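What follows is a set of notes on a single structure, which appears directly below.
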Amino acid sequence: MEQNNHKFLLRKLFFSTLYISSFTFGGGFVIVTFMKRKFVDELHWLTEQEMLDMTALAQSSPGAIAVNASILVGWHMAGALGAAVAVLGTILPPMLILSVISLFYAAFASNPYVALVLKGMQAGVAAVILDVVCGLGQNVVKEKKLLSLCIMAAAFIATFVFDVNVVYIILAAGLIGLLRVYLPLKGGRKK
Amino acid sequence: MILLQLFLSFLQVGMFSIGGGYAAMPLIQNQVVELHSWLTMAEFTDLVTIAEMTPGPIAINAATFVGTRVAGPLGAVVATFGSIFPACIIVSLLAYVYRRYQKLPALQSVLGCLRPAVVSLIAAAGLSILQTVIFAGSAIQLSAVDWIGAVLFLAAFVILRIKKWNPILVMSLCGAARLAVGLVMKLPAA
């Protein structure tokens with residue numbers, strides 16, 4: 001029974017990451033939003049907080065965000081084997097697609113119909129990301145913590161208006177979190 | 001020998017690109033065009049275009065593309081493996097630490113501050129894509145608005161927010177709708 005469950009979990013993990021990876025055009029944050037819809041909203045494998053933690057970890061580690069996020073989700077669900085299965089699911093679609101396309105890439109890149117479909121899908125991707133962001137943002141606002149709101153606003157202005165490197169933003173936010181614990185005066189008063 | 005070189009080159013790309021695709025691009029260019037001359041600059045530009053048009057992380061796309069051209073399917077596998085190898089080790093360690101110490105007050109506090117920042121980072125990524133959809137990469141002004149893109153975005157957003165449709169279905173429908181409109185209007189794809 002236990003073993004069957006484990007097998008089922010691994011299979012589900014593989015096909016979920018395979019499916020997500022086949023359809024996520026664009027950068028790492030795109031795949032993270034699709035993972036959130038799948039693993040948090042649909043399968044309830046992770047909490048929203050865990051997904052955000054994993055996004056931060058994936059973003060601050062070397063390598064592709066999509067691969068890092070699937071390692072984290074895989075480990076969390078089913079240990080080392082889970083991580084291996086999730087990574088395989090994530091890298092197989094781009095590998096297969098690229099292998100085929102590298103054979104006739106000039107025709108593909110200049111095809112006007114392909115360009116139209118991709119343009120339309122881009123509008124859809126923007127909608128998916130902003131939909132997920134609305135949900136996440138609402139939850140931060142609902143917490144009614146001044147510090148969280150300030151960090152959210154500051155991080156947004158830093159990255160969107162001033163184009164600050166994402167790594168610095170994550171480091172700064174983490175530092176604030178550390179200071180909150182190790183500066184006893186402030187931490188004490190807040191509680 | 002060439003396989004080992006491929007592996008080591010993409011190992012470096014995987015090890016030193018922190019922060020996703022745009023951080024990896026110059027590293028890939030350095031390894032593939034400048035150091036090893038596996039691709040010409042024109043081929044590299046094609047690769048970037050294709051990587052943006054196809055699913056998957058750019059490092060994986062680049063590794064597969066370069067590996068295939070230099071040493072066939074085995075080259076693709078070796079190069080891809082090289083590019084994910086450092087992440088597999090480092091992120092696995094992080095995953096272990098996260099699972100083990102998730103409840104620790106200090107880590108809780110750090111993660112609590114990271115979460116709102118991450119929400120903003122995702123928001124900014126989404127808005128940048130929206131900007132290219134609506135203004136097609138040109139200056140932000142009313143005359144440059146791509147109305148078809150704007151309407152598609154709004155429709156998709158409302159359907160996702162209210163009807164909670166499957167996001168991949170919504171995205172595919174957007175692609176199909178844009179193609180249909182383009183064919184009907186006989187407009188050239190920008």
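As shown in the structure tokens, the chain order sets the letters A, B, ...; within each chain, residues go from 1, and ligands are also counted from 1 in the order they appear.
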Per-residue nearest contacts chain A to chain B, cut-off 6 Å, using only C-alpha atoms, as a Markdown table:
| residue | atom | partner | partner_atom | distance |
| --- | --- | --- | --- | --- |
| A:Ser22 | CA | B:Pro55 | CA | 5.9 |
| A:Phe23 | CA | B:Pro55 | CA | 5.9 |
| A:Thr24 | CA | B:Pro55 | CA | 5.1 |
| A:Phe25 | CA | B:Pro55 | CA | 4.3 |
| A:Phe29 | CA | B:Ile122 | CA | 5.9 |
| A:Leu52 | CA | B:Arg115 | CA | 5.6 |
| A:Gln59 | CA | B:Gly19 | CA | 5.3 |
| A:Ser61 | CA | B:Ile18 | CA | 5.8 |
| A:Pro62 | CA | B:Ile18 | CA | 4.2 |
| A:Gly63 | CA | B:Gly14 | CA | 4.7 |
| A:Ala64 | CA | B:Gly20 | CA | 4.9 |
| A:Ile65 | CA | B:Gly20 | CA | 5.5 |
| A:Leu72 | CA | B:Ala95 | CA | 5.5 |
| A:Pro94 | CA | B:Gly56 | CA | 5.0 |
| A:Met95 | CA | B:Thr64 | CA | 5.7 |
| A:Pro112 | CA | B:Ala189 | CA | 5.7 |
| A:Leu116 | CA | B:Leu179 | CA | 5.2 |
| A:Val117 | CA | B:Gly175 | CA | 4.2 |
| A:Gly120 | CA | B:Gly175 | CA | 4.1 |
| A:Met121 | CA | B:Gly175 | CA | 4.4 |
| A:Ala123 | CA | B:Phe153 | CA | 4.9 |
| A:Gly124 | CA | B:Met171 | CA | 4.4 |
| A:Ala126 | CA | B:Gly126 | CA | 5.3 |
| A:Ala127 | CA | B:Phe157 | CA | 4.7 |
| A:Ile129 | CA | B:Gly126 | CA | 5.4 |
| A:Leu130 | CA | B:Gly126 | CA | 5.8 |
| A:Val133 | CA | B:Ala123 | CA | 5.8 |
| A:Ser148 | CA | B:Pro116 | CA | 5.8 |
| A:Ile151 | CA | B:Ala117 | CA | 5.9 |
| A:Met152 | CA | B:Pro116 | CA | 4.8 |
| A:Ala155 | CA | B:Ala117 | CA | 5.4 |
| A:Phe156 | CA | B:Ser120 | CA | 4.8 |
| A:Phe160 | CA | B:Ala124 | CA | 5.5 |
| A:Ala173 | CA | B:Leu114 | CA | 5.4 |
| A:Gly174 | CA | B:Val110 | CA | 4.9 |
| A:Gly177 | CA | B:Val110 | CA | 3.9 |
| A:Leu178 | CA | B:Val110 | CA | 5.7 |
Saved selection, atoms kept: N, CA, C and O atoms, as a short mmCIF file (atom, residue, chain, number, x, y, z; two decimals), in the first residue's frame:
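out-v8.cif written:
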data_model
loop_
_atom_site.label_atom_id
_atom_site.label_comp_id
_atom_site.auth_asym_id
_atom_site.auth_seq_id
_atom_site.Cartn_x
_atom_site.Cartn_y
_atom_site.Cartn_z
N SER A 22 6.33 21.62 -20.53
CA SER A 22 6.04 21.64 -21.96
C SER A 22 5.39 22.94 -22.40
O SER A 22 5.41 23.28 -23.57
N PHE A 23 4.76 23.64 -21.45
CA PHE A 23 3.96 24.78 -21.85
C PHE A 23 4.45 26.11 -21.29
O PHE A 23 3.82 27.13 -21.50
N THR A 24 5.57 26.11 -20.56
CA THR A 24 5.96 27.37 -19.96
C THR A 24 7.01 28.08 -20.80
O THR A 24 8.18 27.74 -20.77
N PHE A 25 6.52 29.04 -21.57
CA PHE A 25 7.40 29.90 -22.35
C PHE A 25 7.85 31.04 -21.45
O PHE A 25 7.08 31.52 -20.62
N PHE A 29 10.09 32.68 -13.55
CA PHE A 29 8.92 33.03 -12.76
C PHE A 29 7.64 32.54 -13.38
O PHE A 29 6.64 32.35 -12.71
N LEU A 52 6.24 29.85 -1.95
CA LEU A 52 6.97 31.12 -1.99
C LEU A 52 8.40 30.95 -1.45
O LEU A 52 9.35 31.50 -2.00
N GLN A 59 15.42 30.94 -6.76
CA GLN A 59 15.92 32.16 -7.38
C GLN A 59 17.33 32.49 -6.90
O GLN A 59 18.15 33.00 -7.66
N SER A 61 19.67 30.37 -5.90
CA SER A 61 20.68 29.34 -6.13
C SER A 61 21.15 29.42 -7.58
O SER A 61 20.44 29.92 -8.43
N PRO A 62 22.37 28.90 -7.83
CA PRO A 62 22.83 28.90 -9.22
C PRO A 62 21.99 27.98 -10.09
O PRO A 62 21.42 27.01 -9.59
N GLY A 63 21.92 28.30 -11.38
CA GLY A 63 21.20 27.45 -12.31
C GLY A 63 19.83 27.98 -12.66
O GLY A 63 19.41 29.03 -12.16
N ALA A 64 19.14 27.25 -13.52
CA ALA A 64 17.83 27.69 -14.00
C ALA A 64 16.80 27.59 -12.88
O ALA A 64 16.77 26.62 -12.13
N ILE A 65 15.95 28.61 -12.76
CA ILE A 65 14.95 28.65 -11.70
C ILE A 65 14.01 27.45 -11.80
O ILE A 65 13.65 26.83 -10.81
N LEU A 72 13.46 21.33 -5.57
CA LEU A 72 12.93 21.61 -4.23
C LEU A 72 11.59 20.92 -4.00
O LEU A 72 11.37 20.29 -2.97
N PRO A 94 11.99 20.59 -23.03
CA PRO A 94 12.85 21.49 -23.80
C PRO A 94 13.92 20.75 -24.59
O PRO A 94 14.26 21.16 -25.71
N MET A 95 14.43 19.64 -24.03
CA MET A 95 15.46 18.89 -24.77
C MET A 95 14.90 18.31 -26.06
O MET A 95 15.51 18.42 -27.13
N PRO A 112 5.52 33.16 -40.06
CA PRO A 112 4.61 34.16 -39.51
C PRO A 112 3.49 33.57 -38.67
O PRO A 112 3.03 34.20 -37.72
N LEU A 116 2.54 34.46 -34.77
CA LEU A 116 1.22 34.90 -34.29
C LEU A 116 0.78 34.10 -33.06
O LEU A 116 0.34 34.68 -32.07
N VAL A 117 0.90 32.77 -33.13
CA VAL A 117 0.49 31.94 -32.00
C VAL A 117 1.29 32.31 -30.76
O VAL A 117 0.74 32.48 -29.67
N GLY A 120 0.11 35.56 -29.23
CA GLY A 120 -1.12 35.38 -28.46
C GLY A 120 -0.86 34.70 -27.13
O GLY A 120 -1.40 35.10 -26.10
N MET A 121 0.01 33.69 -27.14
CA MET A 121 0.30 32.96 -25.91
C MET A 121 0.98 33.86 -24.89
O MET A 121 0.78 33.70 -23.69
N ALA A 123 0.29 36.97 -24.37
CA ALA A 123 -0.78 37.68 -23.66
C ALA A 123 -1.36 36.77 -22.58
O ALA A 123 -1.64 37.22 -21.46
N GLY A 124 -1.54 35.49 -22.91
CA GLY A 124 -2.05 34.53 -21.93
C GLY A 124 -1.12 34.35 -20.74
O GLY A 124 -1.56 34.29 -19.60
N ALA A 126 1.04 36.50 -19.55
CA ALA A 126 0.96 37.69 -18.69
C ALA A 126 -0.27 37.59 -17.79
O ALA A 126 -0.20 37.90 -16.60
N ALA A 127 -1.39 37.14 -18.36
CA ALA A 127 -2.62 37.02 -17.58
C ALA A 127 -2.47 35.98 -16.46
O ALA A 127 -2.87 36.22 -15.33
N ILE A 129 0.31 34.95 -14.95
CA ILE A 129 1.20 35.43 -13.89
C ILE A 129 0.50 36.46 -13.02
O ILE A 129 0.52 36.39 -11.79
N LEU A 130 -0.17 37.42 -13.67
CA LEU A 130 -0.78 38.49 -12.87
C LEU A 130 -1.97 37.98 -12.07
O LEU A 130 -2.25 38.48 -10.99
N VAL A 133 -0.37 36.44 -9.08
CA VAL A 133 0.16 37.51 -8.25
C VAL A 133 -0.95 38.20 -7.45
O VAL A 133 -0.78 38.52 -6.28
N SER A 148 5.70 43.36 6.23
CA SER A 148 5.52 42.62 4.97
C SER A 148 5.08 43.56 3.86
O SER A 148 5.57 43.47 2.72
N ILE A 151 8.02 45.65 2.73
CA ILE A 151 8.97 44.88 1.93
C ILE A 151 8.40 44.65 0.53
O ILE A 151 9.10 44.80 -0.47
N MET A 152 7.11 44.34 0.46
CA MET A 152 6.50 44.09 -0.84
C MET A 152 6.59 45.33 -1.72
O MET A 152 6.98 45.27 -2.88
N ALA A 155 10.33 46.12 -2.60
CA ALA A 155 10.88 45.16 -3.57
C ALA A 155 10.32 45.44 -4.96
O ALA A 155 11.04 45.38 -5.96
N PHE A 156 9.04 45.79 -5.02
CA PHE A 156 8.44 46.05 -6.32
C PHE A 156 9.07 47.27 -6.99
O PHE A 156 9.45 47.24 -8.15
N PHE A 160 11.06 46.80 -10.41
CA PHE A 160 10.34 47.23 -11.62
C PHE A 160 10.75 48.63 -12.07
O PHE A 160 10.89 48.89 -13.25
N ALA A 173 16.05 41.41 1.76
CA ALA A 173 14.86 40.94 2.50
C ALA A 173 15.27 39.91 3.55
O ALA A 173 14.79 39.94 4.69
N GLY A 174 16.19 39.01 3.18
CA GLY A 174 16.65 38.00 4.14
C GLY A 174 17.36 38.64 5.32
O GLY A 174 17.19 38.23 6.47
N GLY A 177 15.02 39.97 7.77
CA GLY A 177 14.49 38.87 8.57
C GLY A 177 15.44 38.45 9.68
O GLY A 177 15.01 38.15 10.80
N LEU A 178 16.75 38.41 9.36
CA LEU A 178 17.74 38.05 10.37
C LEU A 178 17.82 39.10 11.47
O LEU A 178 17.85 38.79 12.65
#
- Item | Secondary structure check, helix (DSSP H, G or I) residues of region 89-146 of chain B, as a ChimeraX atom specification | /B:89-101,105-135,142-144
- Item | Selection near region 35-39 of chain A, 10 Å with only C-alpha atoms, sequence-local residues under 6 positions removed, as a list in words | Leu13, Ser16, Thr17, Ile20, Ser21, Phe29, Trp45, Leu46, Thr47, Glu48, Glu50, Met51, Leu52, Thr55, Ala66, Ala69, Ser70, Val73, Val128 and Val132 of chain A; Asn166 and Pro167 of chain B
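Compared by their closest atoms to Ala106 (chain A), and using only C-alpha atoms, the residues B:Val78, B:Glu43, B:Trp38, B:Phe10 rank with B:Glu43 nearest.
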- Item | Atom-to-atom span, CA of Val67 (chain A) and CA of Val40 (chain A), Å | 18.0 Å
- Message: Can you measure CA of Ile71 (chain A) to CA of Gly89 (chain A) for me? One decimal in Å is fine.
- Response: 10.6 Å
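In this model, the gap between CA of Val87 (chain A) and CA of Pro26 (chain B) comes to 24.1 Å.
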